[in-house]
$ cat structure-v4.txt   # compact mmCIF, C-alpha atoms
# COMPACT_ATOMS: atom_id res chain seq x y z
CA MET A 1 26.54 57.40 0.91
CA ARG A 2 25.07 56.18 4.20
CA SER A 3 25.39 52.56 3.09
CA THR A 4 29.01 53.23 2.09
CA LEU A 5 29.80 54.60 5.54
CA ARG A 6 28.03 51.67 7.23
CA LEU A 7 30.23 49.30 5.24
CA LEU A 8 33.32 51.26 6.29
CA ALA A 9 32.33 51.18 9.94
CA ALA A 10 31.59 47.46 9.86
CA ALA A 11 34.78 46.64 8.00
CA LEU A 12 36.93 48.53 10.50
CA LEU A 13 35.72 46.23 13.25
CA VAL A 14 37.29 43.21 11.61
CA VAL A 15 40.04 44.44 9.27
CA PRO A 16 43.46 45.16 10.82
CA VAL A 17 44.89 48.66 10.77
CA LEU A 18 47.23 49.01 7.81
CA THR A 19 50.58 49.53 9.45
CA GLY A 20 52.79 48.00 6.78
CA THR A 21 56.56 48.19 6.99
CA ALA A 22 57.77 51.75 7.47
CA SER A 23 60.98 53.12 6.04
CA ALA A 24 62.28 56.66 5.79
CA ALA A 25 61.84 58.35 2.43
CA ASP A 26 63.96 61.14 0.94
CA PRO A 27 63.62 64.39 2.91
CA ALA A 28 61.63 67.30 1.53
CA PRO A 29 63.58 69.72 -0.67
CA THR A 30 65.75 72.14 1.28
CA PRO A 31 64.64 75.75 0.80
CA PRO A 32 67.16 78.17 -0.67
CA THR A 33 69.67 79.83 1.63
CA GLY A 34 68.20 83.01 3.11
CA HIS A 35 64.62 81.84 3.34
CA ALA A 36 65.19 81.06 7.00
CA GLY A 37 63.49 77.75 7.55
CA GLN A 38 60.55 78.42 5.25
CA PRO A 39 58.79 76.30 4.04
CA ARG A 40 58.58 74.03 7.09
CA GLN A 41 58.78 70.25 6.85
CA VAL A 42 55.82 68.88 8.79
CA GLY A 43 55.50 65.25 7.74
CA GLU A 44 57.25 62.02 6.88
CA GLU A 45 56.85 59.56 4.02
CA GLU A 46 56.67 55.83 4.68
CA VAL A 47 56.76 52.82 2.36
CA VAL A 48 54.02 50.27 3.02
CA SER A 49 52.56 47.34 1.10
CA VAL A 50 48.93 46.46 1.72
CA ALA A 51 46.46 45.08 -0.82
CA LEU A 52 42.67 45.48 -0.87
CA ASP A 53 40.44 43.41 -3.10
CA GLY A 54 36.97 41.98 -3.36
CA SER A 55 37.55 39.52 -0.53
CA ALA A 56 39.26 42.03 1.83
CA PRO A 57 37.78 45.34 0.70
CA ALA A 58 38.45 47.73 3.59
CA GLY A 59 40.90 48.82 6.25
CA ALA A 60 42.46 51.87 7.84
CA VAL A 61 45.76 53.71 8.04
CA GLU A 62 46.44 55.07 11.51
CA ARG A 63 49.42 57.03 12.82
CA PRO A 64 48.57 58.15 16.38
CA GLY A 65 49.13 61.82 17.03
CA SER A 66 49.57 62.79 13.38
CA TRP A 67 47.46 65.69 12.20
CA TYR A 68 46.90 64.35 8.67
CA VAL A 69 47.28 61.12 6.70
CA LYS A 70 47.80 61.05 2.92
CA ILE A 71 47.75 57.79 0.96
CA HIS A 72 49.33 56.74 -2.34
CA PHE A 73 47.58 54.00 -4.32
CA THR A 74 48.90 51.80 -7.12
CA ASP A 75 47.55 48.91 -9.23
CA LEU A 76 43.99 50.26 -9.13
CA ARG A 77 41.40 48.14 -10.95
CA LEU A 78 37.73 48.91 -10.47
CA VAL A 79 35.21 46.58 -12.11
CA GLY A 80 31.58 47.33 -12.90
CA GLY A 81 31.54 50.88 -11.57
CA ASP A 82 33.10 50.06 -8.19
CA VAL A 83 34.42 52.95 -6.11
CA LEU A 84 37.48 53.52 -3.91
CA THR A 85 36.80 55.79 -0.92
CA VAL A 86 39.17 57.47 1.51
CA ALA A 87 37.57 59.03 4.58
CA ASP A 88 38.05 60.14 8.15
CA PRO A 89 36.47 57.86 10.78
CA THR A 90 33.25 59.90 10.90
CA GLY A 91 32.81 60.13 7.13
CA ALA A 92 32.61 63.93 7.32
CA GLU A 93 35.66 64.15 5.05
CA THR A 94 35.25 61.62 2.23
CA TYR A 95 36.93 61.38 -1.17
CA ARG A 96 35.61 59.03 -3.90
CA TYR A 97 37.64 57.66 -6.81
CA GLU A 98 36.26 55.83 -9.81
CA ALA A 99 38.15 54.24 -12.69
CA ASP A 100 39.14 57.65 -14.08
CA VAL A 101 40.69 59.03 -10.91
CA ARG A 102 41.42 62.39 -12.56
CA ALA A 103 37.69 63.06 -12.79
CA SER A 104 37.53 63.30 -9.00
CA GLY A 105 39.48 66.57 -8.95
CA THR A 106 41.21 65.35 -5.78
CA ALA A 107 43.80 62.91 -7.16
CA SER A 108 47.45 63.74 -7.88
CA VAL A 109 48.44 61.28 -10.59
CA ASP A 110 52.06 60.18 -11.02
CA GLY A 111 53.98 57.48 -12.87
CA THR A 112 53.00 54.62 -10.55
CA GLY A 113 49.50 55.53 -9.40
CA PHE A 114 48.05 58.49 -7.53
CA TRP A 115 47.98 60.32 -4.23
CA ALA A 116 44.52 60.75 -2.73
CA MET A 117 43.64 64.00 -1.00
CA SER A 118 44.87 64.04 2.59
CA VAL A 119 42.51 63.27 5.46
CA THR A 120 42.72 65.56 8.47
CA GLY A 121 43.48 63.67 11.68
CA ASP A 122 45.51 60.55 12.46
CA ARG A 123 43.28 57.88 10.89
CA ALA A 124 42.08 57.35 7.33
CA ALA A 125 39.59 54.63 6.39
CA VAL A 126 39.92 53.10 2.91
CA ALA A 127 37.41 50.85 1.17
CA LEU A 128 36.41 49.30 -2.13
CA THR A 129 32.64 49.35 -2.59
CA GLY A 130 30.05 48.92 -5.27
CA ARG A 131 28.61 52.05 -6.82
CA ASP A 132 25.54 51.65 -4.57
CA GLY A 133 27.65 51.17 -1.44
CA GLY A 134 27.42 47.36 -1.41
CA ARG A 135 30.23 44.87 -1.74
CA PRO A 136 32.67 45.35 -4.63
CA HIS A 137 33.16 43.06 -7.61
CA PRO A 138 35.51 40.13 -6.80
CA GLY A 139 37.91 41.39 -9.47
CA SER A 140 38.33 44.90 -8.09
CA ARG A 141 41.63 45.64 -6.37
CA VAL A 142 44.07 48.32 -5.26
CA ARG A 143 47.32 48.45 -3.32
CA VAL A 144 48.57 51.03 -0.81
CA ASP A 145 52.32 51.42 -1.36
CA ARG A 146 53.16 54.72 0.34
CA ILE A 147 51.76 57.15 2.86
CA THR A 148 52.72 60.49 4.27
CA ARG A 149 51.64 61.50 7.72
CA GLY A 150 51.87 64.72 9.69
CA HIS A 151 54.31 65.18 12.54
CA THR A 152 53.11 64.51 16.05
CA PRO A 153 53.09 67.43 18.52
CA ALA A 154 56.41 66.23 19.96
CA GLU A 155 58.02 66.04 16.51
CA SER A 156 56.67 69.49 15.62
CA ALA A 157 58.07 70.98 18.82
CA ALA A 158 61.49 69.44 18.16
CA ALA A 159 61.51 70.78 14.60
CA ALA A 160 60.58 74.25 15.85
CA GLU A 161 63.56 74.23 18.21
CA ARG A 162 65.92 73.46 15.32
CA ALA A 163 64.46 76.07 12.97
CA PRO A 164 65.90 79.57 12.53
CA ARG A 165 63.99 82.06 14.67
CA SER A 166 61.63 84.54 13.05
CA ILE A 167 59.75 85.38 16.26
CA CYS A 168 60.90 88.92 17.06
CA GLY A 169 60.77 89.31 20.83
CA ALA A 170 57.65 87.74 22.34
CA ASN A 171 55.39 85.73 20.05
CA ASP A 172 52.52 88.11 19.30
CA TYR A 173 50.61 86.31 16.55
CA ARG A 174 47.12 85.11 17.47
CA ASP A 175 44.33 83.02 15.99
CA ALA A 176 42.53 84.86 13.21
CA VAL A 177 39.20 84.60 15.02
CA CYS A 178 40.63 86.58 17.96
CA TYR A 179 40.24 89.72 15.82
CA ARG A 180 36.68 89.15 14.62
CA THR A 181 35.27 91.87 16.91
CA SER A 182 38.25 94.04 17.87
CA ASN A 183 39.74 94.39 14.37
CA PRO A 184 37.04 93.60 11.81
CA GLY A 185 39.03 95.17 8.97
CA GLU A 186 41.93 92.83 9.50
CA PHE A 187 39.73 89.82 10.23
CA GLY A 188 37.72 90.43 7.06
CA ARG A 189 40.83 89.79 4.95
CA THR A 190 41.78 86.47 6.53
CA GLY A 191 39.35 84.21 4.64
CA ALA A 192 41.29 84.47 1.37
CA VAL A 193 44.45 82.98 2.92
CA ALA A 194 45.10 79.24 2.64
CA ARG A 195 47.65 76.68 3.73
CA LEU A 196 49.66 74.70 1.18
CA LEU A 197 50.55 71.07 1.82
CA ARG A 198 53.43 70.32 -0.53
CA ASN A 199 53.83 66.68 -1.57
CA GLY A 200 52.40 65.59 1.75
CA ARG A 201 55.45 66.66 3.75
CA SER A 202 56.00 70.42 3.95
CA LEU A 203 54.01 73.62 4.20
CA CYS A 204 53.72 77.14 2.87
CA THR A 205 50.95 79.77 2.75
CA ALA A 206 49.09 81.12 -0.29
CA TRP A 207 46.20 83.51 -0.96
CA ARG A 208 43.58 84.42 -3.51
CA VAL A 209 44.52 87.50 -5.53
CA GLY A 210 41.59 89.16 -7.29
CA PRO A 211 38.17 87.65 -8.05
CA ASN A 212 39.30 85.11 -10.65
CA ASN A 213 40.98 81.72 -10.28
CA ARG A 214 44.36 83.13 -9.27
CA MET A 215 46.51 82.58 -6.18
CA LEU A 216 49.98 83.71 -5.10
CA THR A 217 52.73 82.09 -3.06
CA ASN A 218 56.54 82.01 -3.20
CA ASN A 219 58.66 80.57 -5.96
CA HIS A 220 60.67 78.74 -3.29
CA CYS A 221 57.45 77.01 -2.19
CA PHE A 222 56.90 75.44 -5.61
CA THR A 223 57.38 75.97 -9.32
CA SER A 224 55.44 72.89 -10.44
CA GLY A 225 51.95 72.33 -9.06
CA ALA A 226 51.98 68.52 -9.03
CA GLY A 227 50.76 67.15 -5.71
CA ILE A 228 50.15 70.51 -4.00
CA GLU A 229 47.06 70.72 -1.77
CA VAL A 230 45.45 74.07 -0.92
CA TRP A 231 43.52 74.17 2.38
CA PHE A 232 40.99 76.94 3.00
CA ASP A 233 39.37 77.66 6.36
CA TYR A 234 41.96 75.75 8.38
CA GLN A 235 41.56 77.92 11.49
CA CYS A 236 40.47 77.65 15.10
CA ASP A 237 36.79 78.13 15.86
CA THR A 238 37.52 80.05 19.06
CA CYS A 239 40.31 82.40 20.16
CA GLY A 240 43.02 80.25 21.71
CA GLY A 241 41.11 77.07 20.88
CA THR A 242 42.43 73.78 19.59
CA THR A 243 39.64 72.59 17.28
CA THR A 244 38.99 73.58 13.69
CA GLY A 245 35.91 73.41 11.53
CA THR A 246 35.53 71.71 8.17
CA VAL A 247 38.44 72.42 5.84
CA THR A 248 37.89 72.99 2.11
CA LYS A 249 40.67 71.32 0.11
CA VAL A 250 41.51 71.78 -3.57
CA LEU A 251 44.59 71.03 -5.68
CA VAL A 252 46.90 73.31 -7.63
CA SER A 253 45.77 73.14 -11.24
CA SER A 254 48.51 74.98 -13.13
CA VAL A 255 51.40 77.37 -12.62
CA LEU A 256 50.76 80.53 -14.64
CA LYS A 257 53.94 82.49 -13.93
CA THR A 258 56.87 82.16 -11.54
CA SER A 259 59.96 84.20 -10.74
CA THR A 260 63.11 83.38 -8.79
CA ALA A 261 64.21 87.02 -8.75
CA LEU A 262 60.97 88.15 -7.06
CA ASP A 263 60.24 84.82 -5.39
CA TYR A 264 56.61 84.45 -6.46
CA THR A 265 54.46 81.79 -8.10
CA LEU A 266 51.07 82.66 -9.57
CA PHE A 267 48.79 79.64 -9.97
CA SER A 268 45.23 78.39 -10.42
CA VAL A 269 43.36 75.62 -8.58
CA THR A 270 40.85 72.86 -9.26
CA ASP A 271 37.21 73.21 -8.12
CA PHE A 272 37.50 77.00 -8.02
CA ASP A 273 33.75 77.40 -7.39
CA LYS A 274 34.27 75.99 -3.88
CA LEU A 275 36.32 79.06 -2.96
CA ALA A 276 33.66 81.73 -3.47
CA PRO A 277 32.84 82.01 0.28
CA PHE A 278 36.44 82.90 1.17
CA GLY A 279 36.77 86.16 -0.74
CA HIS A 280 39.94 87.56 -2.25
CA LEU A 281 42.62 90.17 -1.62
CA ALA A 282 43.51 93.26 -3.63
CA LEU A 283 47.00 94.57 -4.40
CA ASP A 284 48.31 97.94 -3.16
CA GLU A 285 50.66 98.80 -5.98
CA ARG A 286 52.94 101.23 -4.17
CA VAL A 287 55.97 101.15 -1.93
CA PRO A 288 54.65 101.51 1.64
CA ASP A 289 55.99 104.16 3.98
CA VAL A 290 58.53 103.42 6.68
CA GLY A 291 56.54 103.35 9.93
CA GLU A 292 53.28 102.37 8.20
CA GLU A 293 51.27 99.89 10.28
CA MET A 294 50.83 96.48 8.70
CA TYR A 295 50.01 92.82 9.42
CA VAL A 296 50.71 89.33 8.11
CA VAL A 297 48.13 86.54 7.71
CA GLY A 298 49.39 82.99 7.37
CA HIS A 299 50.09 79.53 8.73
CA PRO A 300 53.31 79.72 10.77
CA SER A 301 54.63 76.20 11.44
CA GLY A 302 51.53 74.95 9.62
CA LYS A 303 49.30 75.97 12.51
CA PRO A 304 45.67 76.99 12.10
CA LYS A 305 45.51 80.47 10.55
CA LYS A 306 47.19 83.26 12.52
CA VAL A 307 47.29 87.04 12.26
CA SER A 308 50.57 88.75 13.15
CA LEU A 309 49.38 92.26 13.97
CA HIS A 310 51.15 93.36 17.15
CA ASP A 311 54.82 93.95 17.90
CA ASP A 312 55.85 94.00 21.56
CA GLN A 313 59.08 95.80 20.62
CA ASN A 314 57.24 98.75 19.05
CA ALA A 315 55.95 101.50 21.35
CA GLY A 316 52.89 101.91 19.15
CA GLY A 317 51.95 98.28 19.71
CA TYR A 318 51.37 97.38 16.05
CA CYS A 319 53.70 95.90 13.48
CA THR A 320 55.18 98.54 11.20
CA VAL A 321 57.23 98.65 8.04
CA SER A 322 60.82 99.15 9.21
CA GLY A 323 62.50 99.38 5.83
CA VAL A 324 61.71 99.69 2.13
CA ARG A 325 63.78 98.91 -0.95
CA VAL A 326 65.70 96.37 1.10
CA ASP A 327 67.83 93.80 -0.73
CA GLY A 328 66.15 90.39 -1.02
CA ASP A 329 66.62 87.87 -3.82
CA SER A 330 67.11 90.96 -5.99
CA PRO A 331 68.50 94.39 -5.10
CA GLN A 332 65.96 96.66 -3.35
CA SER A 333 63.18 94.11 -3.95
CA ASP A 334 61.87 93.82 -0.37
CA ILE A 335 60.22 95.56 2.55
CA ALA A 336 61.21 94.72 6.14
CA TYR A 337 59.18 94.38 9.36
CA ARG A 338 59.23 92.64 12.75
CA CYS A 339 55.84 90.92 12.57
CA ASP A 340 56.28 87.39 13.95
CA THR A 341 56.51 84.57 11.40
CA GLU A 342 57.81 81.00 11.33
CA GLY A 343 58.54 78.28 8.82
CA GLY A 344 55.29 77.73 6.90
CA SER A 345 54.63 81.50 6.73
CA SER A 346 56.33 81.69 3.32
CA GLY A 347 53.87 83.05 0.79
CA SER A 348 51.77 84.96 3.33
CA PRO A 349 50.27 88.31 2.31
CA VAL A 350 51.66 91.41 4.04
CA LEU A 351 48.86 93.96 4.29
CA SER A 352 48.76 97.66 5.07
CA ARG A 353 46.46 98.67 7.96
CA ARG A 354 45.86 101.91 6.06
CA THR A 355 44.30 100.29 2.99
CA HIS A 356 43.87 96.59 3.95
CA ARG A 357 45.49 95.79 0.62
CA VAL A 358 48.56 93.65 0.02
CA VAL A 359 51.88 95.52 -0.01
CA GLY A 360 54.24 92.53 0.27
CA LEU A 361 54.67 88.79 -0.22
CA HIS A 362 56.38 87.35 2.85
CA HIS A 363 59.40 85.18 2.08
CA TRP A 364 62.30 85.77 4.49
CA GLY A 365 62.64 85.31 8.22
CA GLY A 366 65.37 86.30 10.64
CA CYS A 367 64.17 89.46 12.45
CA PRO A 368 63.72 91.70 10.68
CA ASN A 369 61.55 89.55 8.44
CA GLN A 370 61.02 90.47 4.81
CA GLY A 371 58.46 90.41 2.02
CA VAL A 372 58.81 91.01 -1.69
CA ARG A 373 57.45 94.42 -2.75
CA ILE A 374 54.05 93.74 -4.27
CA ASP A 375 54.38 96.69 -6.67
CA LEU A 376 57.17 94.77 -8.40
CA VAL A 377 55.16 91.54 -8.46
CA ALA A 378 52.06 93.32 -9.76
CA ALA A 379 53.98 94.77 -12.70
CA GLU A 380 54.63 91.21 -13.88
CA VAL A 381 51.37 89.41 -13.04
CA ASN A 382 48.67 92.05 -13.66
CA PRO A 383 48.06 90.92 -17.27
CA LEU A 384 47.20 87.43 -15.95
CA LEU A 385 44.85 88.41 -13.12
$ encode --input "structure-v4.txt" --output "structure tokens"
Amino acid sequence: MRSTLRLLAAALLVVPVLTGTASAADPAPTPPTGHAGQPRQVGEEEVVSVALDGSAPAGAVERPGSWYVKIHFTDLRLVGGDVLTVADPTGAETYRYEADVRASGTASVDGTGFWAMSVTGDRAAVALTGRDGGRPHPGSRVRVDRITRGHTPAESAAAAERAPRSICGANDYRDAVCYRTSNPGEFGRTGAVARLLRNGRSLCTAWRVGPNNRMLTNNHCFTSGAGIEVWFDYQCDTCGGTTTGTVTKVLVSSVLKTSTALDYTLFSVTDFDKLAPFGHLALDERVPDVGEEMYVVGHPSGKPKKVSLHDDQNAGGYCTVSGVRVDGDSPQSDIAYRCDTEGGSSGSPVLSRRTHRVVGLHHWGGCPNQGVRIDLVAAEVNPLL
């Protein structure tokens, strides 16, 4: 691996950045009416055309200010055990692809090639190398034909201004780590919550339900798992900070059950063993009480993980359930609350402070915000958990 990274570093000194010719791609799917800006589009697709081969084996894709880069490859031919790598500039996040790209567990294969796993940050190094990290065979080749890249801070701010508002009063959500000491019960449930990157361009939230390879999000986030990344531990290291630690990324493996009426999708992921450190959430299979204190854990606007626990418009200070058996996608299917959410919060767990179990699946914004009653979801998915 060290020799591979040395080759990457050396190649980047002499190989031009792969800028290609950019063109706008089709926009991300528009969420159904009523889901109030959720999921949130956070990236753009570009068409490029850059070839790598044995004589020009390495380069980089850079989009300054973007918070991730995701690359699509076509015409892959690896001779004699050669390897294609995609990495961040430090090599801390590195993905390796051999001739059978599916074996990597990090490739989303389509009709023209495959999408590599995204690289966090605004620069991704790509290289063809020999299996031992040396130069590749002269006959090895690959072509980059598309990329997606995350919005810059300015683009994200502009998108937020256009989005329907689901911040109820002042914005009270905070970084998950802010509650490590003051609210250990709430903080202890945050590890099981993950961010979804859908087709490299839009976001939702999902979470582990039970100890097995099962996760829940909204039906309006996806019904087919192709190309969906699941990011665990994408959260700030310090309260109010701007840096995150190492993110664990897996792919959606299969959709097990989905419902438009209750707006849920139950799914499994690849490389499930990687997720053991993050724990799981349990379901509270009852209708919560009006006035019961609760909280939402998710990734509003795709930000590092937040906890929405406080409500500045409530004299008690905490978010509470303001309504039950509220009409959602189905009659009386939802609970209502004024916990702050934004686009990207779709699929977040809504938890009771009484039990620290999930009572709702967040899916609507608009103040009050709404989540699907988890007792209704549980009645359909329990046999599969």
$ closest_residue --input "structure-v4.txt" --among "A:Val358, A:Cys236, A:Val126, A:Leu216" --to "Val142 of chain A" --atoms "all atoms listed in the file"
A:Val126
$ closest_atom_pairs --input "structure-v4.txt" --of "segment 182-240 of chain A" --to "segment 365-379 of chain A" --cutoff "12 Å" --atoms "all atoms listed in the file" --output "Markdown table"
| residue | atom | partner | partner_atom | distance |
| --- | --- | --- | --- | --- |
| A:Val209 | CA | A:Ala378 | CA | 10.4 |
| A:Gly210 | CA | A:Ala378 | CA | 11.5 |
| A:Leu216 | CA | A:Val377 | CA | 10.0 |
| A:Thr217 | CA | A:Val372 | CA | 10.9 |
| A:Asn218 | CA | A:Val372 | CA | 9.4 |
| A:Asn219 | CA | A:Val372 | CA | 11.3 |
$ atom_distance --input "structure-v4.txt" --atom1 "atom CA of Ser330 of chain A" --atom2 "atom CA of Gly347 of chain A"
16.8 Å
$ atom_distance --input "structure-v4.txt" --atom1 "atom CA of Val297 of chain A" --atom2 "atom CA of Glu380 of chain A"
23.0 Å
$ residues_around --input "structure-v4.txt" --residues "segment 307-310 of chain A" --least-positions-apart "5" --cutoff "7 Å" --atoms "all atoms listed in the file" --output "PyMOL selection string"
chain A and resi 172-176+294-298+317-319+339-340
$ residues_near_point --input "structure-v4.txt" --point "(59.6, 97.0, 7.8)" --cutoff "6 Å" --atoms "all atoms listed in the file" --output "PyMOL selection string"
chain A and resi 320-323+335-337
$ closest_residue --input "structure-v4.txt" --among "A:Phe222, A:Tyr234, A:Tyr97, A:Trp364" --to "Asp334 of chain A" --atoms "all atoms listed in the file"
A:Trp364
$ atom_distance --input "structure-v4.txt" --atom1 "atom CA of Gly225 of chain A" --atom2 "atom CA of Leu361 of chain A"
18.9 Å
$ closest_residue --input "structure-v4.txt" --among "A:Leu251, A:Val50, A:Ala58, A:Ala170" --to "Asn199 of chain A" --atoms "all atoms listed in the file"
A:Leu251
$ closest_residue --input "structure-v4.txt" --among "A:Gly54, A:Gly169, A:Pro277, A:Gly65" --to "Gly139 of chain A" --atoms "only C-alpha atoms"
A:Gly54
$ closest_residue --input "structure-v4.txt" --among "A:Val119, A:Ala56, A:Ala261, A:Val250" --to "Asp329 of chain A" --atoms "all atoms listed in the file"
A:Ala261
$ closest_residue --input "structure-v4.txt" --among "A:Ser259, A:Ser202, A:Asn382, A:Thr270" --to "Ser156 of chain A" --atoms "all atoms listed in the file"
A:Ser202
$ residues_around --input "structure-v4.txt" --residues "Pro211 of chain A" --least-positions-apart "4" --cutoff "9 Å" --atoms "only C-alpha atoms" --output "PDB file with C-alpha atoms, in the frame of the given file"
ATOM      1  CA  ALA A 276      33.660  81.730  -3.470  1.00  0.00           C
ATOM      2  CA  GLY A 279      36.770  86.160  -0.740  1.00  0.00           C
ATOM      3  CA  HIS A 280      39.940  87.560  -2.250  1.00  0.00           C
ATOM      4  CA  LEU A 281      42.620  90.170  -1.620  1.00  0.00           C
ATOM      5  CA  ALA A 282      43.510  93.260  -3.630  1.00  0.00           C
ATOM      6  CA  LEU A 385      44.850  88.410 -13.120  1.00  0.00           C
TER       7      LEU A 385
END
$ residues_near_point --input "structure-v4.txt" --point "(46.4, 61.5, -2.8)" --cutoff "9 Å" --atoms "only C-alpha atoms" --output "JSON, numbers by chain"
{"A": [70, 71, 72, 73, 106, 107, 108, 109, 114, 115, 116, 117, 118, 147, 200, 227]}
$ build_atoms --input "structure-v4.txt" --residues "segment 342-358 of chain A" --atoms "N, CA and C atoms" --output "PDB file, keeping the file's coordinate frame"
ATOM      1  N   GLU A 342      57.037  82.226  11.141  1.00  0.00           N
ATOM      2  CA  GLU A 342      57.810  81.000  11.330  1.00  0.00           C
ATOM      3  C   GLU A 342      57.826  80.242  10.018  1.00  0.00           C
ATOM      4  N   GLY A 343      58.579  79.133   9.987  1.00  0.00           N
ATOM      5  CA  GLY A 343      58.540  78.280   8.820  1.00  0.00           C
ATOM      6  C   GLY A 343      57.102  77.877   8.533  1.00  0.00           C
ATOM      7  N   GLY A 344      56.697  77.930   7.271  1.00  0.00           N
ATOM      8  CA  GLY A 344      55.290  77.730   6.900  1.00  0.00           C
ATOM      9  C   GLY A 344      54.610  79.037   6.570  1.00  0.00           C
ATOM     10  N   SER A 345      55.193  80.177   7.046  1.00  0.00           N
ATOM     11  CA  SER A 345      54.630  81.500   6.730  1.00  0.00           C
ATOM     12  C   SER A 345      54.989  81.954   5.324  1.00  0.00           C
ATOM     13  N   SER A 346      55.945  81.295   4.680  1.00  0.00           N
ATOM     14  CA  SER A 346      56.330  81.690   3.320  1.00  0.00           C
ATOM     15  C   SER A 346      55.098  81.764   2.428  1.00  0.00           C
ATOM     16  N   GLY A 347      55.002  82.849   1.676  1.00  0.00           N
ATOM     17  CA  GLY A 347      53.870  83.050   0.790  1.00  0.00           C
ATOM     18  C   GLY A 347      52.737  83.844   1.396  1.00  0.00           C
ATOM     19  N   SER A 348      52.845  84.219   2.666  1.00  0.00           N
ATOM     20  CA  SER A 348      51.770  84.960   3.330  1.00  0.00           C
ATOM     21  C   SER A 348      51.649  86.374   2.765  1.00  0.00           C
ATOM     22  N   PRO A 349      50.430  86.915   2.711  1.00  0.00           N
ATOM     23  CA  PRO A 349      50.270  88.310   2.310  1.00  0.00           C
ATOM     24  C   PRO A 349      50.656  89.248   3.456  1.00  0.00           C
ATOM     25  N   VAL A 350      51.331  90.319   3.108  1.00  0.00           N
ATOM     26  CA  VAL A 350      51.660  91.410   4.040  1.00  0.00           C
ATOM     27  C   VAL A 350      50.750  92.565   3.676  1.00  0.00           C
ATOM     28  N   LEU A 351      49.889  92.970   4.596  1.00  0.00           N
ATOM     29  CA  LEU A 351      48.860  93.960   4.290  1.00  0.00           C
ATOM     30  C   LEU A 351      49.069  95.256   5.067  1.00  0.00           C
ATOM     31  N   SER A 352      48.743  96.356   4.419  1.00  0.00           N
ATOM     32  CA  SER A 352      48.760  97.660   5.070  1.00  0.00           C
ATOM     33  C   SER A 352      47.505  97.838   5.915  1.00  0.00           C
ATOM     34  N   ARG A 353      47.643  98.352   7.149  1.00  0.00           N
ATOM     35  CA  ARG A 353      46.460  98.670   7.960  1.00  0.00           C
ATOM     36  C   ARG A 353      45.765  99.919   7.436  1.00  0.00           C
ATOM     37  N   ARG A 354      46.441 100.691   6.613  1.00  0.00           N
ATOM     38  CA  ARG A 354      45.860 101.910   6.060  1.00  0.00           C
ATOM     39  C   ARG A 354      44.837 101.576   4.981  1.00  0.00           C
ATOM     40  N   THR A 355      45.153 100.597   4.137  1.00  0.00           N
ATOM     41  CA  THR A 355      44.300 100.290   2.990  1.00  0.00           C
ATOM     42  C   THR A 355      43.703  98.890   3.045  1.00  0.00           C
ATOM     43  N   HIS A 356      44.237  98.010   3.909  1.00  0.00           N
ATOM     44  CA  HIS A 356      43.870  96.590   3.950  1.00  0.00           C
ATOM     45  C   HIS A 356      44.070  95.925   2.586  1.00  0.00           C
ATOM     46  N   ARG A 357      45.062  96.409   1.873  1.00  0.00           N
ATOM     47  CA  ARG A 357      45.490  95.790   0.620  1.00  0.00           C
ATOM     48  C   ARG A 357      46.904  95.235   0.799  1.00  0.00           C
ATOM     49  N   VAL A 358      47.280  94.341  -0.094  1.00  0.00           N
ATOM     50  CA  VAL A 358      48.560  93.650   0.020  1.00  0.00           C
ATOM     51  C   VAL A 358      49.694  94.542  -0.486  1.00  0.00           C
TER      52      VAL A 358
END
